[in-house]
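Here the structure is laid out as C-alpha cells; the discussion comes afterwards.
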Amino acid sequence: MPIHNSDIAEQFDEVADLLEIEGANAFRIRAYRNAARTLRDLAHSVAGMVRDDADLTELPGIGKDLAGKIETIVETGKFPQLEDLKKDVPEGLVDVLGIAGLGPKRVQKIHEELGVTDLEGLTKAAKEGRVRKLSGFGKKTEDNILHELETRGSGETRTQRREAEGRAEPLVDYLAGTKGVDKVVVAGSYRRRKETVGDLDILVTCTSDSPVVKRFVDYEDVRDVISKGETRSTVILKNGLQVDLRVVESASYGAALHYFTGSKAHNIHVRRMGQDQGLKINEYGVFRGDKRIAGKTEEEVYAQVGLPYIEPELREDRGEIEAARTGKLPELIELDDIRGNLHSHTKASDGANTLREMAAAAKERGWAYIAITDHSKAVRVANGLDEDRLAKQIDEIDAVNDELEGITLLKSIEVDILEDGGLDLPDSILKRLDLRICAVHSHFRLSRDKQTERVMQAMDNPCFTIMAHPTGRLIGTREAYAIDMERIIEHARQTGCILELNAQPERLDLNDAHCKMARDAGVKLSIGTDAHTTGQLDFMRYGIDQARRGWVTADDVVNTRSLKDLRKLVAR
DNA sequence: GCCGTTTTCGGCCCGACTGTTTTCAGTCG
C-alpha cells in the first residue's frame with residue numbers, strides 16, 4: 001500500500017497537535033506544521049523520492065530530522081514518535097483543542113485539573129460548572145465553551161468559492177453603503193482564489209468616525225458576534241461561515257491588503273526579507289525604525305523588499321518569491337485570453353439547451369468556437385449517444401455551422417473510457433470528429449495502478465485528444481479516484497494528449513498543484529466549462545482562477561488559440 | 001525542528017481582542 005504525501009502530512013499535523021498540548025517549543029511545533037504543508041503542496045510523491053534515494057532535505061522546511069522520519073514512515077509504515085506521543089497525551093484532547101477559544105495552555109489545565117480527556121468530558125465539566133472555577137477561567141469562558149460545543153458542526157468545514165461569493169458580495173455592498181467608508185475588499189484565501197475558503201476576511205478603509213464596525217455586527221445575516229473592537233471584529237453568519245472585518249486608514253491600505261490576503265507562509269517569508277534589510281513589516285506599513293516608508297499600495301510594500309508585484313493567486317510560498325526575485329514570475333492567464341470552450345453538453349444527452357442556443361451563448365461571450373461534447377452511450381443515465389445518434393449530430397452540426405456567423409460548433413464527444421482502457425465508441429466514428437474528450441465515469445474504485453494503466457492505455461489510442469476531469473474528484477463530496485498523476489502527465493507529454501482543467505466549481509479538476517505540474521512538464525491544458533446550460537459557460541472564470549493558482553499562462557492553454565491554431569494543436 | 005550573501009548557534013512575524021485580571025496571559029489570524 002503506497003503512502004501518500006497527505007498521509008504523512010496528517011501524521012505530522014497530529015504530532016504538532018499533541019506537542020502543542022504537551023506545551024512543547026512553539027517553533028518545533030511550527031516546524032512540523034510547515035513540513036506538513038510542504039508535503040501537501042508537493043505535486044509529486046515523497047514516497048517516490050525515498051524510493052529514488054532523493055535528498056529530502058532539499059524540500060523547504062524539511063531538515064535532517066524530519067527527512068529521517070519521512071523515510072521511516074515510507075519504509076516501515078510506522079511513526080514511532082507519534083505512537084509514543086499518543087501514549088502520553090489522550091487523543092481526544094486534540095478535539096478539545098479544536099474548540100474556538102481553547103488553546104494549548106487552557107486544554108492542558110482542563111486536562112490536568114479536571115481530568116478531561118475528550119469533548120464528552122469537557123461538555124460534562126462545563127455543564128456542571130467546574131470549568132469556571134479554574135483560575136484564569138470564568139463564567140463567560142465556560143458559557144462560550146458550551147455555546148461552541150452546541151453550535152459547532154461536524155469537524156472542519158470549508159465553504160466552496162461560489163457559496164462564499166454569494167455571502168460576500170451582498171455584505172460588501174452593505175458595508176460600502178456605510179458613512180465614512182472608502183474601500184471594501186475581500187482579502188484572504190478568497191482573494192487568492194482558492195477553490196474553498198475557511199472564512200471571509202473583509203478589509204475596510206474609512207474615516208475615523210465611521211460606524212462601520214457597529215454596522216457590521218448589526219448585519220441581518222449575522223448569527224453570533226465573536227469579537228468587536230475598534231479596528232477588528234469577527235462574526236459568524238447564519239450558515240456558519242466566519243467573517244473577519246479589519247479596519248485601517250487609507251495610508252495603510254496596501255500593507256493591510258497584503259497582510260490580510262496572505263497566505264500566512266507568504267507573509268512570513270516577505271517579513272523575513274524585510275527584517276534582513278532592517279525593516280519591520282506589519283499591517284500598517286513598512287517601517288524603518290518608527291518611520292513608515294511604505295504602505296499605501298501593495299506594490300510599494302513589495303518594492304521595499306526588492307520584489308515586483310506578486311499576484312494574489314501565487315502567494316502560497318511555493319516558490320513565487322524566488323521567481324519574483326529572479327524575474328521569472330509567469331504572466332498568468334486571464335479570462336479575456338479565452339477564445340472558446342471545449343466541453344459542453346446539449347439536450348442530446350443531459351444538457352438543457354440546443355446546439356443553436358449553445359452556439360449563440362458562446363458567441364455572446366466573445367468566443368470563436370465551442371465544442372459539443374455530449375456523453376457517449378455508456379453513461380445511460382445521461383442518455384449518452386450511440387454511434388447512430390452521434391452520426392446524426394455530426395450532420396446536424398454541419399448544417400447549423402452553415403447558418404452560423406462568427407462562431408463555429410466543433411464536432412466532439414465526451415467519450416467514456418471503459419474499464420479495460422478502450423473507448424466507448426468505435427474509432428471509425430470518433431475519427432469523424434474535430435476532437436474527442438475522454439472521461440472516466442465508472443469503476444472509480446480500481447487500484448491506483450489499474451486506474452492509471454486504464455487511462456494510459458486509452459491515451460495510446462490516437463483518437464484520445466483531451467482527458468476530461470482527470471481525477472474525478474467532487475470538492476467536499478467525493479475524493480479523487482486513486483490515480484498516479486505523475487505517470488498520467490508524463491504519458492500525456494509523450495503521446496501529445498491534453499489535460500482538462502474542468503471549470504465546474506465543484507470539480508476544479510485538475511487542482512492547482514497538478515496544473516503546475518502539467519505546465520512544468522510542458523503538457524497543454526484545456527480549460528473546459530462542462531456546461532450543461534448556456535449559463536454555465538460562465539464557469540470559465542472559476543477555471544481561470546484555478547489555472548492562475550497553478551502558474552498557468554495563456555500559452556499553456558489550448559483554448560486561448562484561434563480556431564486555426566487549435567486545429568493544429570489537437571491533431572496528434 | 002529548521003536555517004544561514006555578516007551566522008552551524010541563536011534566532012524564528014506581529015498585532016488586536018477577550019476575559020479575568022489589576023497589568024496581562026491566552027488565543028487567534
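Residues in the C-alpha cells are numbered from 1 in each chain, the chains being A, B, ... in the order shown, and ligands are numbered from 1 in the order shown.
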
List as CSV every residue of chain B that is in contact with chain A, defined as an atom at most 10 Å from one of its atoms (using only C-alpha atoms (C1' of nucleotides)), together with the nearest atom pair and the distance in Å rounded to one decimal, sorted by chain and then rising number.
residue,atom,partner,partner_atom,distance
B:DG1,C1',A:Arg28,CA,4.7
B:DC2,C1',A:Gly61,CA,6.0
B:DC3,C1',A:Gly61,CA,8.7
B:DC12,C1',A:Phe27,CA,6.8
B:DC13,C1',A:Ile268,CA,5.6
B:DC14,C1',A:Asn282,CA,6.5
B:DG15,C1',A:Asn282,CA,8.0
B:DA16,C1',A:Arg232,CA,7.0
B:DC17,C1',A:Gly229,CA,6.6
B:DT18,C1',A:Ser227,CA,7.6
B:DG19,C1',A:Thr141,CA,7.3
B:DT20,C1',A:Gly136,CA,6.0
B:DT21,C1',A:Gly136,CA,8.4
B:DA25,C1',A:Gly136,CA,8.6
B:DG26,C1',A:Gly103,CA,7.3
B:DT27,C1',A:Gly101,CA,6.1
B:DC28,C1',A:Gly101,CA,8.2
B:DG29,C1',A:Phe260,CA,8.8

>> For the structure I just gave you, how does DSSP split segment 106-298 of chain A - specifically, which residues are helix (DSSP H, G or I)? Reply as a count of residues only.
In response: 86
